[in-house]
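Below: one structure, written as structure tokens.
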Amino acid sequence: MTPSDLWPRLEPLLSRIERPARYIDREWGARHVTDAEYRAVLMYPDTYEIGQANQALGILYELLNATPGVAAERAYLPAPDLIELMRAEGLPLFSLESLMPVSDFDLVGITVPYELTWTNVLELLDLAGLPLRASERDDSHPLVIGGGPCVYNPEPFAPFFDALLIGEGEDAIGEMVAVHRRSRETGASRDELFMELARLPGVYVPSLYEPRHDEEGRFIGVVSKAGAPVPVTKRVVADLDAHRAPVCPVVPFVDVVHDRFAIEVLRGCTRGCRFCQAGMVYRPVRERSADAVVRDALAGLACTGYDEVSLTSLSTADHSELEEVLRRLSRRLAGTGVSVSLPSLRVDAFSVDMARLISGAGRKSGLTFAPEAGTQRLRDVINKNVTEDDLIATVTRAFEAGWRRVKLYFMIGLPTETDADVAGIGELVSRVLDAAKAATPPPQRGSVRIGVSISTFVPKAGTPFQWEAQIGLDEVLRRQRLVRESMPRKGVELHWHDAEVSFLEGVMARGGREVSDAIEAAWRAGAVFDAWTERFSLARWTSAFAQVGIDPEDIANRERPLDEPLPWGHISSGVSTSYLIRERERAYQSRTTPDCSFGGCTGCDVCTRLGVEIVTGGVRA
Amino acid sequence: MTPGEYRLRVCYGKTGRLRYLSHLEVVHALERVVRRAGLPFAITQGFSPHMKMAFGPALPVGTAGEREYLDVWLTRYTEAAEVLAAMKRVSPDELAPHEARYVADGERSLTAALTIGTYRVEVDGKEIEETQARTALLELLEGGELVTERKGKIKVFDLTRCVPKDLRVTGRDGGVDIELAVRMGPEGSLRPELLVRRALPPAALQAAAVRTTRTDTLIEEAEGVWSRPM
Ligand code: SF4
């Protein structure tokens, strides 16, 4: 195959679009492997700005480029202005590094970061000139694989992919590439290739699993073909330190989201919040050692030239050696103008102390906490082990330390929620506001701000709440009104997550394979960039569902009996269903469950099933 | 004048595909070059401390530059050649520095000092012919004035002042190259590409590609006496 360089066709378009630097490659850290017999392109289904900092793609990019004979390149969904020109000029989707048409690659890997990017995935495939569905593709096309946080219910988008990786990709990606290369060499058929792929642990080949329905059209489970395994259980890396964090990632020219050096300090979170999909499906907790974090943070800063390093994870304050890491980093970075940032904070004094350690002079950016619910009863239901006293003490500490704004995240529509719980949000915020003012010197009290962000609870696959009904749109609006009435007016900035967007998320999160028809219909009707509020249209989706005969409310707003087969029943994160049911029952009794990385195993079964264990450097406290 | 700080002037190029960077993107990229090179850069005092660095006049997106300048203040004297080598090692090829020299700390800022840009505008197109292009450009210049409108704002450029030297048009296979100098100022500078687009017949330009490169950025010592800042 001779790579064809599309630059002569792209360049004339660059003077007609916004921010052309997104499309020109040449960033520091971009890899150009020329003598490869196997070429992969890793794609993100949104613009360069949104996708560039994606850590999972960064890891795979590094791993694949380090594999002999393999080259990995990047592609993003161009912004609407370029898409329009590309369609007008017949320019196909291209990779950044070699400006080769995506359809000329051996492997196309797409990460699917959240539900509303499905139409963007279709836009990517179509711009690349590839048939949208696996069943329409053949040996002349690249192998199209996917992965990412959404795969724990892969059904709504399964037909668009040849294979999906469930879980962590560090080990699996190389195995998938090896299988594909071997099948190319031996001239194996596509069916044989799919069979081989399905034999790899964690690899889900949707075409080998057929959803079945009863006479009334109700889903009754999937049948696997040709001995494909059931369930497909997620891949997991036993030891994070076995894979060094990429220390020379691509450094973008344009201003992107999360434009800083990021190091993943731990994976998994076992706090056990019952609404949280990430907390359930990324178990168990595995920490990177303090030495590795410090070493790689410094190496990464030196290699990239960034002036900020972010210690990322689901819950960085839980790292057992965080304080040591921050002290060592502050010492090493003193006088360099480099800042350290923590993406998420727990609601406790320790977190504020950690934030103080790294904030230096500037405390203007504010701190963010997530109490999630307004009353203790409801926080116990969702297992958010935070008390009002914790929250008040934390906020007091923060304002005493000089911060003048905090941001609080809440959800409405949680299971068992009553109007009293909803009103409790505003009441809690008003006590937080009082505490913040009391901790602030009188002359500065006018500048105290509490940001409050309210989203609608969307039940997710693989969690104890996967059977729950999501509240309907009218009910969302009613509870939003309740929140507004209970909220203090002065000193509070209220933000809402769009109710209609949450509804669609809910349908995507728990829909079956038939939802893929609606996704395709919506895309054909012009849906793309649905995550951009100004482009989102619920009406377009409603008519897409109607067109293919799907009742979206039956998917999102109906409580499912425990014995109803679930569309994602053949996919397992390793957490047992009996644990999820037990946690659901405890939720109804407002009984909490402790974090197993602190107090001992609570029996979710991940460790035994996957042959892994919790890895911490020190004792968690 | 800050004691203990050394003002290093670096001449760099913005070429090839990186012509599509905006000025802000160039600034960020070069800050990161300085950090990667491990230079002992000074940090500004104040609420949000940042690298002490200053740039010459901005280049628009799409315009290349062969001799662009920046000043960076170092806290330790390091041989200029050594700094240059360290920066080159960690720069993208198309945004690479090619000269470095210390200058007096009291010297005028680059933006104030550099008021002349010399440009090469390459126009590709079979329809475009050398003599015709030259005549058209000279005619436009003789008109003495160029009016532009951008986002509803009208601007009038005095061409005798803005284009201080005779321009040169050279024909080549498949197009013409135009070389000219432009006087830049705080109130906005005339884009050479605009001048060319105004002068040449739109029909000829339709299918043509136009590439603009600032070949030099200069100090005007006295009327018509120009020099490089290092
Ligand atoms: S199996 Fe036990 S220790 Fe392992 S993640 Fe689950 S609850 Fe925690």
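Please note that chains go A, B, ... in the order of the structure tokens, that every chain numbers its residues from 1, and that ligands are numbered from 1 in the order shown.
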
| message | Please identify all residues of chain B having at least one atom at most 6 Å from any atom of chain A, considering only C-alpha atoms, and return them as an MDAnalysis selection string. | response | chainID B and resid 20:21 25 32 35:36

| request: Select the residues contacting ligand 1 at a distance of at most 7 Å, based on only C-alpha atoms and all ligand atoms, then format the selection as a list in words. | output: Thr270, Arg283, Pro284, Val285, Cys596, Ser597, Gly600, Cys601, Thr602, Gly603, Cys604, Asp605, Val606, Cys607, Thr608, Glu613 and Ile614 of chain A

Quick one: DSSP helix (DSSP H, G or I) residues in segment 51-148 of chain B, as a PDB file with N, CA, C and O atoms, in the first residue's frame?
```pdb
ATOM      1  N   ALA B  80      25.120  32.081  24.449  1.00  0.00           N
ATOM      2  CA  ALA B  80      23.989  32.149  23.512  1.00  0.00           C
ATOM      3  C   ALA B  80      23.965  30.940  22.582  1.00  0.00           C
ATOM      4  O   ALA B  80      22.886  30.410  22.270  1.00  0.00           O
ATOM      5  N   ALA B  81      25.133  30.510  22.141  1.00  0.00           N
ATOM      6  CA  ALA B  81      25.174  29.365  21.217  1.00  0.00           C
ATOM      7  C   ALA B  81      24.632  28.106  21.884  1.00  0.00           C
ATOM      8  O   ALA B  81      23.957  27.288  21.261  1.00  0.00           O
ATOM      9  N   GLU B  82      24.905  28.018  23.179  1.00  0.00           N
ATOM     10  CA  GLU B  82      24.433  26.856  23.926  1.00  0.00           C
ATOM     11  C   GLU B  82      22.905  26.878  24.050  1.00  0.00           C
ATOM     12  O   GLU B  82      22.239  25.862  23.861  1.00  0.00           O
ATOM     13  N   VAL B  83      22.381  28.066  24.346  1.00  0.00           N
ATOM     14  CA  VAL B  83      20.931  28.214  24.452  1.00  0.00           C
ATOM     15  C   VAL B  83      20.282  27.853  23.120  1.00  0.00           C
ATOM     16  O   VAL B  83      19.297  27.109  23.063  1.00  0.00           O
ATOM     17  N   LEU B  84      20.876  28.365  22.057  1.00  0.00           N
ATOM     18  CA  LEU B  84      20.321  28.115  20.734  1.00  0.00           C
ATOM     19  C   LEU B  84      20.274  26.613  20.437  1.00  0.00           C
ATOM     20  O   LEU B  84      19.259  26.092  19.980  1.00  0.00           O
ATOM     21  N   ALA B  85      21.375  25.939  20.743  1.00  0.00           N
ATOM     22  CA  ALA B  85      21.429  24.498  20.466  1.00  0.00           C
ATOM     23  C   ALA B  85      20.381  23.762  21.291  1.00  0.00           C
ATOM     24  O   ALA B  85      19.685  22.877  20.789  1.00  0.00           O
ATOM     25  N   ALA B  86      20.245  24.181  22.555  1.00  0.00           N
ATOM     26  CA  ALA B  86      19.263  23.513  23.422  1.00  0.00           C
ATOM     27  C   ALA B  86      17.848  23.731  22.902  1.00  0.00           C
ATOM     28  O   ALA B  86      17.018  22.826  22.913  1.00  0.00           O
ATOM     29  N   MET B  87      17.567  24.946  22.432  1.00  0.00           N
ATOM     30  CA  MET B  87      16.220  25.219  21.915  1.00  0.00           C
ATOM     31  C   MET B  87      15.952  24.448  20.630  1.00  0.00           C
ATOM     32  O   MET B  87      14.862  23.925  20.422  1.00  0.00           O
ATOM     33  N   LYS B  88      16.970  24.406  19.761  1.00  0.00           N
ATOM     34  CA  LYS B  88      16.779  23.700  18.483  1.00  0.00           C
ATOM     35  C   LYS B  88      16.421  22.240  18.694  1.00  0.00           C
ATOM     36  O   LYS B  88      15.596  21.686  17.976  1.00  0.00           O
ATOM     37  N   ARG B  89      17.060  21.645  19.688  1.00  0.00           N
ATOM     38  CA  ARG B  89      16.814  20.215  19.935  1.00  0.00           C
ATOM     39  C   ARG B  89      15.349  19.916  20.267  1.00  0.00           C
ATOM     40  O   ARG B  89      14.872  18.834  20.017  1.00  0.00           O
ATOM     41  N   ASP B  93      10.611  21.369  13.583  1.00  0.00           N
ATOM     42  CA  ASP B  93      11.478  21.892  12.508  1.00  0.00           C
ATOM     43  C   ASP B  93      10.938  23.185  11.911  1.00  0.00           C
ATOM     44  O   ASP B  93      11.696  24.057  11.516  1.00  0.00           O
ATOM     45  N   GLU B  94       9.643  23.278  11.815  1.00  0.00           N
ATOM     46  CA  GLU B  94       9.068  24.422  11.115  1.00  0.00           C
ATOM     47  C   GLU B  94       8.808  25.610  12.046  1.00  0.00           C
ATOM     48  O   GLU B  94       8.173  26.581  11.671  1.00  0.00           O
ATOM     49  N   LEU B  95       9.281  25.501  13.277  1.00  0.00           N
ATOM     50  CA  LEU B  95       9.197  26.643  14.203  1.00  0.00           C
ATOM     51  C   LEU B  95      10.539  26.720  14.953  1.00  0.00           C
ATOM     52  O   LEU B  95      10.594  26.878  16.159  1.00  0.00           O
ATOM     53  N   LEU B 110      10.556  44.847  21.169  1.00  0.00           N
ATOM     54  CA  LEU B 110      10.516  44.378  19.781  1.00  0.00           C
ATOM     55  C   LEU B 110       9.337  44.978  19.017  1.00  0.00           C
ATOM     56  O   LEU B 110       9.475  45.386  17.875  1.00  0.00           O
ATOM     57  N   THR B 111       8.175  45.026  19.669  1.00  0.00           N
ATOM     58  CA  THR B 111       7.007  45.572  18.950  1.00  0.00           C
ATOM     59  C   THR B 111       7.218  47.036  18.603  1.00  0.00           C
ATOM     60  O   THR B 111       6.795  47.491  17.548  1.00  0.00           O
ATOM     61  N   ALA B 112       7.862  47.791  19.494  1.00  0.00           N
ATOM     62  CA  ALA B 112       8.064  49.213  19.217  1.00  0.00           C
ATOM     63  C   ALA B 112       9.142  49.396  18.150  1.00  0.00           C
ATOM     64  O   ALA B 112       9.057  50.277  17.303  1.00  0.00           O
ATOM     65  N   ALA B 113      10.175  48.539  18.196  1.00  0.00           N
ATOM     66  CA  ALA B 113      11.323  48.747  17.322  1.00  0.00           C
ATOM     67  C   ALA B 113      11.074  48.251  15.903  1.00  0.00           C
ATOM     68  O   ALA B 113      11.509  48.870  14.931  1.00  0.00           O
ATOM     69  N   GLU B 130       3.354  38.169 -15.611  1.00  0.00           N
ATOM     70  CA  GLU B 130       4.236  39.088 -14.880  1.00  0.00           C
ATOM     71  C   GLU B 130       3.954  40.579 -15.151  1.00  0.00           C
ATOM     72  O   GLU B 130       3.689  41.343 -14.230  1.00  0.00           O
ATOM     73  N   THR B 131       4.020  40.978 -16.416  1.00  0.00           N
ATOM     74  CA  THR B 131       3.865  42.416 -16.714  1.00  0.00           C
ATOM     75  C   THR B 131       2.496  42.932 -16.304  1.00  0.00           C
ATOM     76  O   THR B 131       2.370  44.013 -15.725  1.00  0.00           O
ATOM     77  N   GLN B 132       1.521  42.108 -16.561  1.00  0.00           N
ATOM     78  CA  GLN B 132       0.145  42.499 -16.212  1.00  0.00           C
ATOM     79  C   GLN B 132       0.016  42.691 -14.701  1.00  0.00           C
ATOM     80  O   GLN B 132      -0.568  43.670 -14.232  1.00  0.00           O
ATOM     81  N   ALA B 133       0.602  41.779 -13.941  1.00  0.00           N
ATOM     82  CA  ALA B 133       0.551  41.868 -12.483  1.00  0.00           C
ATOM     83  C   ALA B 133       1.256  43.129 -12.013  1.00  0.00           C
ATOM     84  O   ALA B 133       0.767  43.845 -11.130  1.00  0.00           O
ATOM     85  N   ARG B 134       2.428  43.402 -12.601  1.00  0.00           N
ATOM     86  CA  ARG B 134       3.203  44.579 -12.186  1.00  0.00           C
ATOM     87  C   ARG B 134       2.406  45.857 -12.446  1.00  0.00           C
ATOM     88  O   ARG B 134       2.250  46.702 -11.564  1.00  0.00           O
ATOM     89  N   THR B 135       1.856  45.963 -13.653  1.00  0.00           N
ATOM     90  CA  THR B 135       1.091  47.163 -13.996  1.00  0.00           C
ATOM     91  C   THR B 135      -0.072  47.348 -13.029  1.00  0.00           C
ATOM     92  O   THR B 135      -0.308  48.449 -12.513  1.00  0.00           O
ATOM     93  N   ALA B 136      -0.750  46.260 -12.762  1.00  0.00           N
ATOM     94  CA  ALA B 136      -1.929  46.346 -11.889  1.00  0.00           C
ATOM     95  C   ALA B 136      -1.541  46.808 -10.493  1.00  0.00           C
ATOM     96  O   ALA B 136      -2.202  47.660  -9.894  1.00  0.00           O
ATOM     97  N   LEU B 137      -0.452  46.271  -9.985  1.00  0.00           N
ATOM     98  CA  LEU B 137      -0.022  46.647  -8.634  1.00  0.00           C
ATOM     99  C   LEU B 137       0.401  48.113  -8.585  1.00  0.00           C
ATOM    100  O   LEU B 137       0.042  48.838  -7.653  1.00  0.00           O
ATOM    101  N   LEU B 138       1.173  48.532  -9.602  1.00  0.00           N
ATOM    102  CA  LEU B 138       1.651  49.923  -9.604  1.00  0.00           C
ATOM    103  C   LEU B 138       0.471  50.891  -9.697  1.00  0.00           C
ATOM    104  O   LEU B 138       0.445  51.923  -9.036  1.00  0.00           O
ATOM    105  N   GLU B 139      -0.506  50.520 -10.495  1.00  0.00           N
ATOM    106  CA  GLU B 139      -1.694  51.360 -10.623  1.00  0.00           C
ATOM    107  C   GLU B 139      -2.386  51.539  -9.286  1.00  0.00           C
ATOM    108  O   GLU B 139      -2.764  52.636  -8.908  1.00  0.00           O
ATOM    109  N   LEU B 140      -2.522  50.422  -8.576  1.00  0.00           N
ATOM    110  CA  LEU B 140      -3.179  50.468  -7.270  1.00  0.00           C
ATOM    111  C   LEU B 140      -2.398  51.360  -6.306  1.00  0.00           C
ATOM    112  O   LEU B 140      -2.966  52.192  -5.599  1.00  0.00           O
ATOM    113  N   LEU B 141      -1.061  51.222  -6.339  1.00  0.00           N
ATOM    114  CA  LEU B 141      -0.232  52.038  -5.441  1.00  0.00           C
ATOM    115  C   LEU B 141      -0.357  53.519  -5.792  1.00  0.00           C
ATOM    116  O   LEU B 141      -0.414  54.375  -4.906  1.00  0.00           O
ATOM    117  N   GLU B 142      -0.404  53.820  -7.080  1.00  0.00           N
ATOM    118  CA  GLU B 142      -0.511  55.221  -7.496  1.00  0.00           C
ATOM    119  C   GLU B 142      -1.818  55.840  -7.013  1.00  0.00           C
ATOM    120  O   GLU B 142      -1.892  57.042  -6.774  1.00  0.00           O
TER     121      GLU B 142
END
```

| field | Contact residues around Tyr102 of chain B with only C-alpha atoms at 12 Å, ignoring same-chain residues under 6 positions, as a PyMOL selection string | value | chain B and resi 5-11+70-74+77-81+83-84+229-230

For the interface of segment 8-71 of chain B with segment 190-195 of chain B (cut-off 12 Å, counting only C-alpha atoms), please tabulate each contacting residue of segment 8-71 of chain B alongside its nearest pair of atoms and their separation in Å to one decimal, rows sorted by chain and increasing number, as a tab-separated table.
```
residue	atom	partner	partner_atom	distance
B:Ala58	CA	B:Arg191	CA	11.7
B:Leu59	CA	B:Arg191	CA	9.9
B:Pro60	CA	B:Arg191	CA	9.0
B:Val61	CA	B:Arg191	CA	11.7
B:Gly62	CA	B:Glu193	CA	10.6
B:Thr63	CA	B:Glu193	CA	9.2
B:Ala64	CA	B:Glu193	CA	12.0
```

Please save N, CA and C atoms of the selected residues as a PDB file, in the first residue's frame.
```pdb
ATOM      1  N   ALA B  58       2.938  40.505  15.471  1.00  0.00           N
ATOM      2  CA  ALA B  58       2.260  39.233  15.211  1.00  0.00           C
ATOM      3  C   ALA B  58       2.139  38.948  13.721  1.00  0.00           C
ATOM      4  N   LEU B  59       2.187  37.670  13.397  1.00  0.00           N
ATOM      5  CA  LEU B  59       1.904  37.226  12.029  1.00  0.00           C
ATOM      6  C   LEU B  59       0.503  36.635  12.010  1.00  0.00           C
ATOM      7  N   PRO B  60      -0.252  36.918  10.971  1.00  0.00           N
ATOM      8  CA  PRO B  60      -1.583  36.303  10.912  1.00  0.00           C
ATOM      9  C   PRO B  60      -1.519  34.812  10.604  1.00  0.00           C
ATOM     10  N   VAL B  61      -2.611  34.122  10.890  1.00  0.00           N
ATOM     11  CA  VAL B  61      -2.750  32.710  10.533  1.00  0.00           C
ATOM     12  C   VAL B  61      -2.536  32.579   9.022  1.00  0.00           C
ATOM     13  N   GLY B  62      -1.690  31.662   8.630  1.00  0.00           N
ATOM     14  CA  GLY B  62      -1.494  31.416   7.201  1.00  0.00           C
ATOM     15  C   GLY B  62      -0.282  32.118   6.621  1.00  0.00           C
ATOM     16  N   THR B  63       0.249  33.124   7.325  1.00  0.00           N
ATOM     17  CA  THR B  63       1.439  33.828   6.840  1.00  0.00           C
ATOM     18  C   THR B  63       2.683  33.249   7.509  1.00  0.00           C
ATOM     19  N   ALA B  64       3.656  32.893   6.676  1.00  0.00           N
ATOM     20  CA  ALA B  64       4.900  32.355   7.215  1.00  0.00           C
ATOM     21  C   ALA B  64       5.843  33.499   7.567  1.00  0.00           C
TER      22      ALA B  64
END
```

| task | Pick out the residues sitting within 7 Å of segment 454-466 of chain A, and hand them over as a list of chain:residue names; count only C-alpha atoms, and ignore anything fewer than 2 positions along from it in its own chain. | result | A:Tyr152, A:Asn153, A:Arg274, A:Phe275, A:Cys276, A:Gln277, A:Met280, A:Val281, A:Tyr409, A:Phe410, A:Met411, A:Ile412, A:Gly413, A:Leu414, A:Val452, A:Glu468, A:Gln470, A:His495, A:Trp496, A:His497, A:Ala499, A:Ser502, A:Gly506, A:Ala509, A:Arg510, A:Leu580, A:Ile581, A:Glu583, A:Arg584

Could the residues in this selection be written to a file with N, CA, C and O atoms, as a compact mmCIF listing (two decimals), in the first residue's frame?
```
# COMPACT_ATOMS: atom_id res chain seq x y z
N TYR A 152 -20.06 -0.68 28.57
CA TYR A 152 -20.73 -1.59 29.51
C TYR A 152 -22.20 -1.79 29.15
O TYR A 152 -22.85 -2.70 29.67
N ASN A 153 -22.73 -0.91 28.29
CA ASN A 153 -23.91 -1.29 27.50
C ASN A 153 -23.57 -0.94 26.05
O ASN A 153 -23.86 0.16 25.58
N ARG A 274 -23.66 4.41 44.56
CA ARG A 274 -24.49 3.43 43.85
C ARG A 274 -24.98 3.92 42.48
O ARG A 274 -25.44 3.13 41.68
N PHE A 275 -24.88 5.22 42.25
CA PHE A 275 -25.32 5.75 40.96
C PHE A 275 -24.18 5.76 39.95
O PHE A 275 -24.40 5.99 38.77
N CYS A 276 -22.95 5.54 40.43
CA CYS A 276 -21.77 5.88 39.63
C CYS A 276 -21.28 4.68 38.83
O CYS A 276 -20.81 3.69 39.38
N GLN A 277 -21.38 4.78 37.51
CA GLN A 277 -20.96 3.69 36.66
C GLN A 277 -19.45 3.48 36.73
O GLN A 277 -18.97 2.36 36.85
N MET A 280 -18.29 1.53 39.63
CA MET A 280 -18.58 0.10 39.60
C MET A 280 -17.71 -0.63 38.58
O MET A 280 -17.16 -1.69 38.85
N VAL A 281 -17.59 -0.06 37.38
CA VAL A 281 -17.00 -0.84 36.30
C VAL A 281 -15.46 -0.76 36.24
O VAL A 281 -14.84 -1.56 35.56
N TYR A 409 -21.95 19.98 43.28
CA TYR A 409 -22.73 19.20 42.32
C TYR A 409 -23.83 18.42 43.01
O TYR A 409 -23.60 17.76 44.02
N PHE A 410 -25.03 18.52 42.45
CA PHE A 410 -26.17 17.74 42.94
C PHE A 410 -26.88 17.06 41.78
O PHE A 410 -26.76 17.48 40.64
N MET A 411 -27.66 16.02 42.15
CA MET A 411 -28.51 15.37 41.16
C MET A 411 -29.94 15.42 41.64
O MET A 411 -30.20 15.34 42.85
N ILE A 412 -30.87 15.49 40.69
CA ILE A 412 -32.28 15.27 41.04
C ILE A 412 -32.73 14.01 40.33
O ILE A 412 -32.15 13.60 39.33
N GLY A 413 -33.77 13.39 40.91
CA GLY A 413 -34.30 12.18 40.29
C GLY A 413 -33.65 10.91 40.79
O GLY A 413 -33.82 9.85 40.19
N LEU A 414 -32.92 10.97 41.89
CA LEU A 414 -32.31 9.76 42.44
C LEU A 414 -33.39 8.83 42.98
O LEU A 414 -34.46 9.30 43.39
N VAL A 452 -23.79 26.18 42.05
CA VAL A 452 -24.56 24.96 42.26
C VAL A 452 -24.92 24.39 40.89
O VAL A 452 -25.49 25.08 40.05
N GLU A 468 -33.57 0.94 37.71
CA GLU A 468 -34.45 2.03 38.14
C GLU A 468 -35.08 2.77 36.96
O GLU A 468 -34.55 2.77 35.85
N GLN A 470 -35.78 6.25 35.18
CA GLN A 470 -35.33 7.64 35.16
C GLN A 470 -36.58 8.51 35.19
O GLN A 470 -37.58 8.16 34.57
N HIS A 495 -26.66 26.32 37.95
CA HIS A 495 -26.51 25.80 36.57
C HIS A 495 -27.27 24.51 36.44
O HIS A 495 -27.28 23.69 37.35
N TRP A 496 -27.89 24.31 35.30
CA TRP A 496 -28.66 23.09 35.05
C TRP A 496 -28.03 22.30 33.93
O TRP A 496 -27.62 22.85 32.93
N HIS A 497 -28.05 20.99 34.10
CA HIS A 497 -27.74 20.14 32.97
C HIS A 497 -29.04 19.99 32.19
O HIS A 497 -30.09 19.73 32.78
N ALA A 499 -32.29 19.06 30.58
CA ALA A 499 -33.16 17.92 30.89
C ALA A 499 -33.37 17.01 29.67
O ALA A 499 -33.40 15.79 29.79
N SER A 502 -30.36 14.84 29.10
CA SER A 502 -30.32 13.74 30.06
C SER A 502 -31.28 12.62 29.66
O SER A 502 -30.99 11.44 29.83
N GLY A 506 -30.24 8.82 28.84
CA GLY A 506 -30.87 7.68 29.51
C GLY A 506 -31.28 6.60 28.52
O GLY A 506 -31.14 5.40 28.81
N ALA A 509 -28.12 4.97 27.33
CA ALA A 509 -27.41 4.23 28.37
C ALA A 509 -27.98 2.84 28.59
O ALA A 509 -27.27 1.93 28.99
N ARG A 510 -29.28 2.67 28.33
CA ARG A 510 -29.87 1.38 28.64
C ARG A 510 -30.69 0.77 27.50
O ARG A 510 -31.44 -0.18 27.71
N LEU A 580 -24.86 -6.30 42.98
CA LEU A 580 -25.64 -5.13 42.57
C LEU A 580 -27.02 -5.17 43.21
O LEU A 580 -27.52 -4.15 43.70
N ILE A 581 -27.62 -6.35 43.24
CA ILE A 581 -28.95 -6.47 43.84
C ILE A 581 -28.88 -6.19 45.34
O ILE A 581 -29.71 -5.47 45.91
N GLU A 583 -26.72 -4.35 46.88
CA GLU A 583 -26.51 -2.91 47.08
C GLU A 583 -27.81 -2.13 46.85
O GLU A 583 -28.06 -1.13 47.51
N ARG A 584 -28.61 -2.61 45.91
CA ARG A 584 -29.88 -1.93 45.66
C ARG A 584 -30.79 -2.07 46.88
O ARG A 584 -31.45 -1.11 47.29
```

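Take the candidates B:Ser227, B:Leu146, B:Thr2, B:Gly152 and check each one against Gln45 of chain B using only C-alpha atoms; the shortest distance goes to B:Thr2.
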
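One distance worth recording is that between atom CA of Pro40 of chain B and atom CA of Leu218 of chain B, which is 28.1 Å.
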
| remark: Using only C-alpha atoms, the residue out of A:Glu493, A:Glu324, A:Glu73, A:Glu155 with shortest distance to Arg405 of chain A is A:Glu493

| message | So that I can see what lies close to Thr233 of chain A, please list as a list in words the residues with an atom at most 8 Å from it, counting only C-alpha atoms and leaving out residues fewer than 4 positions away in the same chain. | response | Ile166, Pro201, Gly202, Ile571, Ser572, Ser573 and Gly574 of chain A

| query | Which residues come within 6 Å of segment 171-176 of chain B, counting only C-alpha atoms, excluding same-chain residues fewer than 3 positions away, as a ChimeraX atom specification? | reply | /B:123-126,128,130

| query | If we count only C-alpha atoms, what is near Gly147 of chain A at a cut-off of 10 Å, once residues fewer than 6 positions away on the same chain are taken out, given as a list in words? | reply |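 Non-adjacent residues within range: Ala56, Leu57, Gly109, Ile110, Thr111, Val112, Pro113, Pro154, Phe161, Ala163, Leu164, Leu165, Ile166, Gly167, Glu168, Gly169, Val203 and Tyr204 of chain A.
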
| task | Name the residues of segment 174-403 of chain A that fall into strand (DSSP E) according to DSSP on the backbone, using the chain letters and numbers of this document, as number ranges by chain. | result | A: 203-204, 209-213, 219-224, 232-233, 261-264, 266-267, 286-287, 308-312, 339-341, 367-372
